[in-house]
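Encoded as structure tokens, the structure appears first; notes follow it.
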There are 2 protein chains.
Amino acid sequence: MSAPVKAGESKRQRLTKGGRKTRERIIEAAAELMFHRGAGGTSIPDIQAAAGVSASQIYHYFGDKQGLVLAVIDHQTDTRLAQQRPLLDNLDSIEALREWCDRAGNRQDARGCEGGCEIGSLASELADSDQSARTRLVSAFDRWEGPIRSGLARMQERGELSERADTAALATALLAAIQGGMLLSQVRRSSTAYRQAVSAVIDHIESYLVR
Amino acid sequence: MSAPVKAGESKRQRLTKGGRKTRERIIEAAAELMFHRGAGGTSIPDIQAAAGVSASQIYHYFGDKQGLVLAVIDHQTDTRLAQQRPLLDNLDSIEALREWCDRAGNRQDARGCEGGCEIGSLASELADSDQSARTRLVSAFDRWEGPIRSGLARMQERGELSERADTAALATALLAAIQGGMLLSQVRRSSTAYRQAVSAVIDHIESYLVR
DNA sequence: GCATGATTGGAATGTCAATTCCAACTTGGG
DNA sequence: CCCAAGTTGGAATTGACATTCCAATCATGC
């Protein structure tokens, strides 16, 4: 009997140095594949081949496929947010907002507009079918929207943005424009829609500037 | 020889009255299932059960699953656009835009914010994996964006919107806001994000009003 | 250095999906 | 009424996939 594994699901096992590395390798391979083919379109054998591991390793570290999907969501969230820093933490000027959005547009162009948003795509696929995934996606979007809202709030506190501006709503609107713009760009294979969408929202934010 | 059936893939077969009805029933059942579970998450047996048909009927009318998916995309596009008329054809005032967007928000609330946009969800899932699906989705979004652009263009022609307004870009931005807002609302199970997103863009459009 | 638990390989299992086949039945035009 | 074509049922085929198992190997604290 030894370790009865307990109830619940979160068995916190000690990870060897190599174990941690294997675990990471699996997540990264899975994230890459799922970004291109979706979670449902990515099979365990696919991931095995890409990560160079055996099936038992995947099940050892993640329990089942859903567990791996959850880990991928968290990984993509962490990775995307980290990639956007420090810009993300300094969105307190119109120029900063434009620069930040522009980078994502260039990134999209660089990959030929294939693939949409790493988080948005998973969200669209999993929101209705996997309750625990949806929960993590809520948190993912919150972690993303937070810094936008904070930046706008700082502008407002400084008196640069009118009191009339609903900074929280504007932050949500900008995030939505990013998501919708990415989707249209992915379908059309042109970043134009993305750029027009974020540009419109940032122009709108700009209209609240106190001069 | 008469009708030589020709090359290509589109064998235009004569459909019996009953045949057309069966075909429709299959598409509708498939559309409903795919809306909730995605195209990849919906199996042929699922559709068989929902539509009350045998496998051979599905393959008889659509060739293979991809053929059915394409038919579902077209069906959802036609259905959604039809649902939005006549509002969709009269988006030539700020009030009309707000009313039209508001309806979609209420519709979203009515279903508890489960499921996103019928077209957007398919787009996110299929854009990168099915070239012919992507092509149809491009056309679907174009058919949707067109009436928005036309409405704005009419406002501009009438002199109600400033010459400075890029009506095509604004139409794209609004469509993106709808898509992104729907996605956030689906994940958060609240239509607030959708309403804030479209409201921001319409406010922006409003700023081009000539008074 | 040894015991214990972590890690790994690889085969086995059971399920289910996509698609094909073929035979039977129906329909509509001539 | 009759034939060719449209329509349907249901079984059979093939392959993939998620998951499990067991036995072997490796790492580490004591």
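Here's how to read the names in the structure tokens: chain A, B, ... by the order shown, residue numbers from 1 in each chain, ligand numbers from 1 in the order shown.
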For DG9 of chain D: contacts at 12 Å, only C-alpha atoms (C1' of nucleotides), fewer than 6 positions along chain excluded, given as a PyMOL selection string: (chain B and resi 52-57) or (chain C and resi 21-25)
Any chance you can output those residues with N, CA and C atoms (P, O5', C5', C4', C3', O3' and C1' of nucleotides) as a CSV table (one decimal), in the first residue's frame?
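Produced file out_13.csv, reproduced below:
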chain,number,residue,atom,x,y,z
B,52,GLY,N,-31.2,10.8,-36.7
B,52,GLY,CA,-32.0,9.6,-37.0
B,52,GLY,C,-31.8,9.1,-38.4
B,53,VAL,N,-30.5,9.0,-38.8
B,53,VAL,CA,-30.2,8.5,-40.1
B,53,VAL,C,-29.1,7.4,-40.0
B,54,SER,N,-28.9,6.7,-41.0
B,54,SER,CA,-27.8,5.7,-41.0
B,54,SER,C,-26.5,6.3,-41.6
B,55,ALA,N,-25.4,5.6,-41.3
B,55,ALA,CA,-24.1,6.1,-41.8
B,55,ALA,C,-24.1,6.3,-43.3
B,56,SER,N,-24.7,5.4,-44.0
B,56,SER,CA,-24.7,5.5,-45.5
B,56,SER,C,-25.4,6.7,-46.0
B,57,GLN,N,-26.3,7.2,-45.3
B,57,GLN,CA,-27.0,8.4,-45.7
B,57,GLN,C,-26.1,9.6,-45.6
C,21,DC,P,-15.3,-0.1,-51.1
C,21,DC,O5',-16.3,-1.3,-50.9
C,21,DC,C5',-16.8,-1.5,-49.6
C,21,DC,C4',-17.6,-2.8,-49.5
C,21,DC,C3',-18.4,-3.1,-50.8
C,21,DC,O3',-18.5,-4.5,-50.9
C,21,DC,C1',-19.9,-2.4,-49.0
C,22,DC,P,-18.9,-5.1,-52.4
C,22,DC,O5',-20.5,-5.5,-52.1
C,22,DC,C5',-20.8,-6.2,-51.0
C,22,DC,C4',-22.3,-6.2,-50.7
C,22,DC,C3',-23.1,-6.3,-52.0
C,22,DC,O3',-24.2,-7.1,-51.8
C,22,DC,C1',-23.8,-4.5,-50.7
C,23,DA,P,-24.9,-7.9,-53.0
C,23,DA,O5',-26.0,-8.7,-52.1
C,23,DA,C5',-26.1,-8.5,-50.7
C,23,DA,C4',-27.4,-7.8,-50.4
C,23,DA,C3',-28.5,-7.9,-51.4
C,23,DA,O3',-29.7,-8.2,-50.7
C,23,DA,C1',-28.2,-5.7,-50.9
C,24,DA,P,-31.0,-8.7,-51.4
C,24,DA,O5',-32.1,-7.5,-51.0
C,24,DA,C5',-32.3,-7.3,-49.6
C,24,DA,C4',-32.9,-6.0,-49.4
C,24,DA,C3',-34.3,-5.9,-50.2
C,24,DA,O3',-35.3,-5.4,-49.4
C,24,DA,C1',-32.8,-4.0,-50.6
C,25,DC,P,-36.8,-5.5,-49.8
C,25,DC,O5',-37.2,-4.0,-49.9
C,25,DC,C5',-36.7,-3.1,-48.9
C,25,DC,C4',-36.8,-1.7,-49.4
C,25,DC,C3',-38.1,-1.4,-50.2
C,25,DC,O3',-38.8,-0.3,-49.6
C,25,DC,C1',-36.2,-0.6,-51.3
Shell around DA24 of chain D at 12 Å using only C-alpha atoms (C1' of nucleotides), local window under 3 positions removed, as a list of chain:residue names: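 Here the answer would be C:DT7, C:DT8, C:DG9, C:DG10.
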Residues near Glu118 of chain A, cut-off 12 Å, only C-alpha atoms (C1' of nucleotides), skip fewer than 6 positions along chain, as a PyMOL selection string: (chain A and resi 31-39+72-81+104+108+124-125+137+140-141+179+182-183+186) or (chain B and resi 124)
Now that the selection is made, can you save its residues with N, CA and C atoms as a PDB file, in the first residue's frame?
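Output file out.pdb follows:
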ATOM      1  N   ALA A  31       2.336  21.792 -25.993  1.00  0.00           N
ATOM      2  CA  ALA A  31       1.867  23.156 -26.234  1.00  0.00           C
ATOM      3  C   ALA A  31       2.041  23.519 -27.699  1.00  0.00           C
ATOM      4  N   GLU A  32       3.173  23.182 -28.236  1.00  0.00           N
ATOM      5  CA  GLU A  32       3.449  23.485 -29.639  1.00  0.00           C
ATOM      6  C   GLU A  32       2.453  22.765 -30.559  1.00  0.00           C
ATOM      7  N   LEU A  33       2.276  21.490 -30.326  1.00  0.00           N
ATOM      8  CA  LEU A  33       1.349  20.726 -31.158  1.00  0.00           C
ATOM      9  C   LEU A  33      -0.080  21.228 -31.008  1.00  0.00           C
ATOM     10  N   MET A  34      -0.490  21.470 -29.774  1.00  0.00           N
ATOM     11  CA  MET A  34      -1.867  21.899 -29.542  1.00  0.00           C
ATOM     12  C   MET A  34      -2.119  23.295 -30.103  1.00  0.00           C
ATOM     13  N   PHE A  35      -1.085  24.092 -30.171  1.00  0.00           N
ATOM     14  CA  PHE A  35      -1.252  25.420 -30.754  1.00  0.00           C
ATOM     15  C   PHE A  35      -1.627  25.289 -32.228  1.00  0.00           C
ATOM     16  N   HIS A  36      -1.001  24.342 -32.901  1.00  0.00           N
ATOM     17  CA  HIS A  36      -1.266  24.195 -34.335  1.00  0.00           C
ATOM     18  C   HIS A  36      -2.479  23.331 -34.653  1.00  0.00           C
ATOM     19  N   ARG A  37      -2.696  22.294 -33.849  1.00  0.00           N
ATOM     20  CA  ARG A  37      -3.775  21.357 -34.196  1.00  0.00           C
ATOM     21  C   ARG A  37      -4.924  21.350 -33.195  1.00  0.00           C
ATOM     22  N   GLY A  38      -4.811  22.130 -32.166  1.00  0.00           N
ATOM     23  CA  GLY A  38      -5.839  22.097 -31.144  1.00  0.00           C
ATOM     24  C   GLY A  38      -5.567  20.984 -30.151  1.00  0.00           C
ATOM     25  N   ALA A  39      -6.223  21.034 -29.006  1.00  0.00           N
ATOM     26  CA  ALA A  39      -6.022  20.015 -27.982  1.00  0.00           C
ATOM     27  C   ALA A  39      -6.625  18.691 -28.447  1.00  0.00           C
ATOM     28  N   VAL A  72      -0.833  22.576 -20.016  1.00  0.00           N
ATOM     29  CA  VAL A  72      -0.498  23.361 -21.206  1.00  0.00           C
ATOM     30  C   VAL A  72      -1.122  24.758 -21.123  1.00  0.00           C
ATOM     31  N   ILE A  73      -2.340  24.832 -20.661  1.00  0.00           N
ATOM     32  CA  ILE A  73      -2.979  26.145 -20.518  1.00  0.00           C
ATOM     33  C   ILE A  73      -2.143  27.036 -19.606  1.00  0.00           C
ATOM     34  N   ASP A  74      -1.774  26.504 -18.460  1.00  0.00           N
ATOM     35  CA  ASP A  74      -0.984  27.308 -17.526  1.00  0.00           C
ATOM     36  C   ASP A  74       0.360  27.686 -18.141  1.00  0.00           C
ATOM     37  N   HIS A  75       0.959  26.743 -18.827  1.00  0.00           N
ATOM     38  CA  HIS A  75       2.253  27.012 -19.440  1.00  0.00           C
ATOM     39  C   HIS A  75       2.155  28.117 -20.485  1.00  0.00           C
ATOM     40  N   GLN A  76       1.142  28.027 -21.335  1.00  0.00           N
ATOM     41  CA  GLN A  76       0.985  29.046 -22.374  1.00  0.00           C
ATOM     42  C   GLN A  76       0.710  30.400 -21.745  1.00  0.00           C
ATOM     43  N   THR A  77      -0.073  30.417 -20.696  1.00  0.00           N
ATOM     44  CA  THR A  77      -0.361  31.686 -20.033  1.00  0.00           C
ATOM     45  C   THR A  77       0.927  32.289 -19.474  1.00  0.00           C
ATOM     46  N   ASP A  78       1.663  31.497 -18.741  1.00  0.00           N
ATOM     47  CA  ASP A  78       2.917  31.994 -18.167  1.00  0.00           C
ATOM     48  C   ASP A  78       3.862  32.469 -19.261  1.00  0.00           C
ATOM     49  N   THR A  79       3.991  31.657 -20.289  1.00  0.00           N
ATOM     50  CA  THR A  79       4.936  31.975 -21.352  1.00  0.00           C
ATOM     51  C   THR A  79       4.556  33.256 -22.093  1.00  0.00           C
ATOM     52  N   ARG A  80       3.288  33.345 -22.473  1.00  0.00           N
ATOM     53  CA  ARG A  80       2.846  34.524 -23.210  1.00  0.00           C
ATOM     54  C   ARG A  80       3.002  35.786 -22.383  1.00  0.00           C
ATOM     55  N   LEU A  81       2.628  35.732 -21.124  1.00  0.00           N
ATOM     56  CA  LEU A  81       2.743  36.922 -20.287  1.00  0.00           C
ATOM     57  C   LEU A  81       4.204  37.298 -20.095  1.00  0.00           C
ATOM     58  N   ALA A 104       2.639  42.374 -31.206  1.00  0.00           N
ATOM     59  CA  ALA A 104       1.870  41.152 -31.422  1.00  0.00           C
ATOM     60  C   ALA A 104       1.497  41.017 -32.896  1.00  0.00           C
ATOM     61  N   GLN A 108       2.564  38.054 -35.413  1.00  0.00           N
ATOM     62  CA  GLN A 108       1.578  37.339 -36.219  1.00  0.00           C
ATOM     63  C   GLN A 108       2.028  37.289 -37.680  1.00  0.00           C
ATOM     64  N   SER A 124     -11.419  28.936 -27.042  1.00  0.00           N
ATOM     65  CA  SER A 124     -12.542  28.659 -27.920  1.00  0.00           C
ATOM     66  C   SER A 124     -12.843  27.165 -27.969  1.00  0.00           C
ATOM     67  N   GLU A 125     -11.806  26.383 -27.964  1.00  0.00           N
ATOM     68  CA  GLU A 125     -12.010  24.944 -28.065  1.00  0.00           C
ATOM     69  C   GLU A 125     -12.529  24.316 -26.774  1.00  0.00           C
ATOM     70  N   LEU A 137      -8.833  29.204 -17.839  1.00  0.00           N
ATOM     71  CA  LEU A 137      -8.820  30.202 -18.899  1.00  0.00           C
ATOM     72  C   LEU A 137      -9.345  31.533 -18.393  1.00  0.00           C
ATOM     73  N   ALA A 140      -6.510  32.957 -16.805  1.00  0.00           N
ATOM     74  CA  ALA A 140      -5.520  33.376 -17.798  1.00  0.00           C
ATOM     75  C   ALA A 140      -5.884  34.753 -18.358  1.00  0.00           C
ATOM     76  N   PHE A 141      -7.134  34.919 -18.731  1.00  0.00           N
ATOM     77  CA  PHE A 141      -7.559  36.204 -19.291  1.00  0.00           C
ATOM     78  C   PHE A 141      -7.494  37.306 -18.227  1.00  0.00           C
ATOM     79  N   GLN A 179      -8.297  39.642 -29.282  1.00  0.00           N
ATOM     80  CA  GLN A 179      -8.751  38.282 -29.559  1.00  0.00           C
ATOM     81  C   GLN A 179      -9.500  38.199 -30.883  1.00  0.00           C
ATOM     82  N   MET A 182      -7.184  38.850 -33.811  1.00  0.00           N
ATOM     83  CA  MET A 182      -6.324  37.692 -34.085  1.00  0.00           C
ATOM     84  C   MET A 182      -7.092  36.627 -34.854  1.00  0.00           C
ATOM     85  N   LEU A 183      -8.324  36.397 -34.448  1.00  0.00           N
ATOM     86  CA  LEU A 183      -9.119  35.381 -35.125  1.00  0.00           C
ATOM     87  C   LEU A 183      -9.344  35.742 -36.594  1.00  0.00           C
ATOM     88  N   GLN A 186      -6.177  35.350 -38.480  1.00  0.00           N
ATOM     89  CA  GLN A 186      -5.830  33.941 -38.695  1.00  0.00           C
ATOM     90  C   GLN A 186      -6.608  33.379 -39.875  1.00  0.00           C
TER      91      GLN A 186
ATOM     92  N   SER B 124     -12.053  29.311 -35.432  1.00  0.00           N
ATOM     93  CA  SER B 124     -10.900  29.083 -34.572  1.00  0.00           C
ATOM     94  C   SER B 124     -10.424  27.640 -34.661  1.00  0.00           C
TER      95      SER B 124
END
Can you write out as CSV which residues of chain A fall within 8 Å of chain B, alongside each residue's closest atom pair and its distance in Å to one decimal, counting only C-alpha atoms and ordering rows by chain and ascending residue number?
residue,atom,partner,partner_atom,distance
A:His36,CA,B:Asp128,CA,6.9
A:Arg37,CA,B:Ser129,CA,6.6
A:Gly38,CA,B:Glu125,CA,7.1
A:Gly40,CA,B:Gly40,CA,7.0
A:Gly41,CA,B:Gly40,CA,7.3
A:Glu114,CA,B:Asp128,CA,6.4
A:Gly115,CA,B:Asp128,CA,6.3
A:Gly116,CA,B:Ser124,CA,7.6
A:Gly120,CA,B:Leu183,CA,7.8
A:Ser121,CA,B:Ser124,CA,6.1
A:Ala123,CA,B:Val187,CA,6.8
A:Ser124,CA,B:Ser121,CA,6.1
A:Glu125,CA,B:Glu125,CA,6.8
A:Ala127,CA,B:Val187,CA,5.5
A:Asp128,CA,B:Gly115,CA,6.3
A:Ser129,CA,B:Arg37,CA,6.7
A:Arg134,CA,B:Val187,CA,6.1
A:Leu137,CA,B:Val187,CA,6.9
A:Val138,CA,B:Arg188,CA,6.0
A:Ala169,CA,B:Gln196,CA,5.7
A:Leu170,CA,B:Ala200,CA,7.0
A:Thr172,CA,B:Ala193,CA,6.2
A:Ala173,CA,B:Ala197,CA,4.0
A:Leu174,CA,B:Ala197,CA,7.4
A:Leu175,CA,B:Gly180,CA,7.6
A:Ala176,CA,B:Gly180,CA,4.1
A:Ala177,CA,B:Ala177,CA,5.0
A:Ile178,CA,B:Gly180,CA,7.1
A:Gln179,CA,B:Gly180,CA,4.7
A:Gly180,CA,B:Gly180,CA,3.8
A:Gly181,CA,B:Ala176,CA,5.0
A:Leu183,CA,B:Ser124,CA,6.6
A:Leu184,CA,B:Ala176,CA,6.9
A:Gln186,CA,B:Ala127,CA,6.8
A:Val187,CA,B:Ala127,CA,5.5
A:Arg188,CA,B:Val138,CA,6.0
A:Ala193,CA,B:Thr172,CA,6.2
A:Tyr194,CA,B:Ala176,CA,7.8
A:Gln196,CA,B:Ala169,CA,5.7
A:Ala197,CA,B:Ala173,CA,4.0
A:Val198,CA,B:Ala173,CA,7.5
A:Ala200,CA,B:Ala173,CA,6.4
A:Val201,CA,B:Val201,CA,6.3
A:Asp203,CA,B:His204,CA,7.6
A:His204,CA,B:His204,CA,5.2
Alpha helix (DSSP H) call set, DSSP backbone run, segment 2-193 of chain A, as a ChimeraX atom specification: /A:17-37,44-51,55-62,65-84,94-110,118-126,131-157,167-188,192-193
Nearest-residue call for chain C, choices B:Ile44, B:Val69, B:Leu15, B:Leu91, using only C-alpha atoms (C1' of nucleotides):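 So, comparing all the options, the nearest one is B:Ile44.
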Could you list, as a CSV table (one decimal) with C-alpha atoms, in the first residue's frame, the residues of chain A having an atom within 10 Å of chain D when counting only C-alpha atoms (C1' of nucleotides)?
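Output (out.csv):
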chain,number,residue,atom,x,y,z
A,16,THR,CA,13.9,14.3,-9.7
A,17,LYS,CA,16.0,16.9,-11.6
A,18,GLY,CA,15.6,14.7,-14.7
A,43,SER,CA,-2.9,12.7,-29.8
A,44,ILE,CA,-0.8,11.3,-27.1
A,45,PRO,CA,1.3,9.4,-29.6
A,55,ALA,CA,3.4,6.9,-23.0
A,56,SER,CA,4.1,5.9,-19.4
A,59,TYR,CA,0.7,9.4,-17.8
A,63,GLY,CA,-2.4,11.5,-14.9
A,64,ASP,CA,-4.4,11.7,-18.1
A,65,LYS,CA,-4.8,13.8,-21.2
Which chain C residues have any atom within 12 Å of an atom of chain B, and for each, what is the nearest pair of atoms with distance in Å to one decimal, counting only C-alpha atoms (C1' of nucleotides), rows sorted by chain and number, as CSV?
residue,atom,partner,partner_atom,distance
C:DC16,C1',B:Ser43,CA,9.6
C:DA17,C1',B:Ser43,CA,6.9
C:DA18,C1',B:Ile44,CA,7.7
C:DT19,C1',B:Asp64,CA,8.0
C:DT20,C1',B:Ser56,CA,9.3
C:DC21,C1',B:Ser56,CA,9.9
C:DC22,C1',B:Ser56,CA,11.3
C:DT26,C1',B:Thr16,CA,10.3
C:DT27,C1',B:Thr16,CA,7.8
C:DG28,C1',B:Thr16,CA,8.9
Point-to-point distance in Å for atom CA of Glu157 of chain A and atom CA of Ile94 of chain A: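 Result for atom CA of Ile94 of chain A versus atom CA of Glu157 of chain A: 14.9 Å, one decimal.
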For atom CA of Glu95 of chain A and atom CA of Arg211 of chain A, the interatomic separation in Å (one decimal):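 That distance, rounded to one decimal, is 15.4 Å.
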Point-to-point distance in Å for atom CA of Ala153 of chain B and atom CA of Ser191 of chain A: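 Separation of atom CA of Ser191 of chain A and atom CA of Ala153 of chain B: 22.9 Å.
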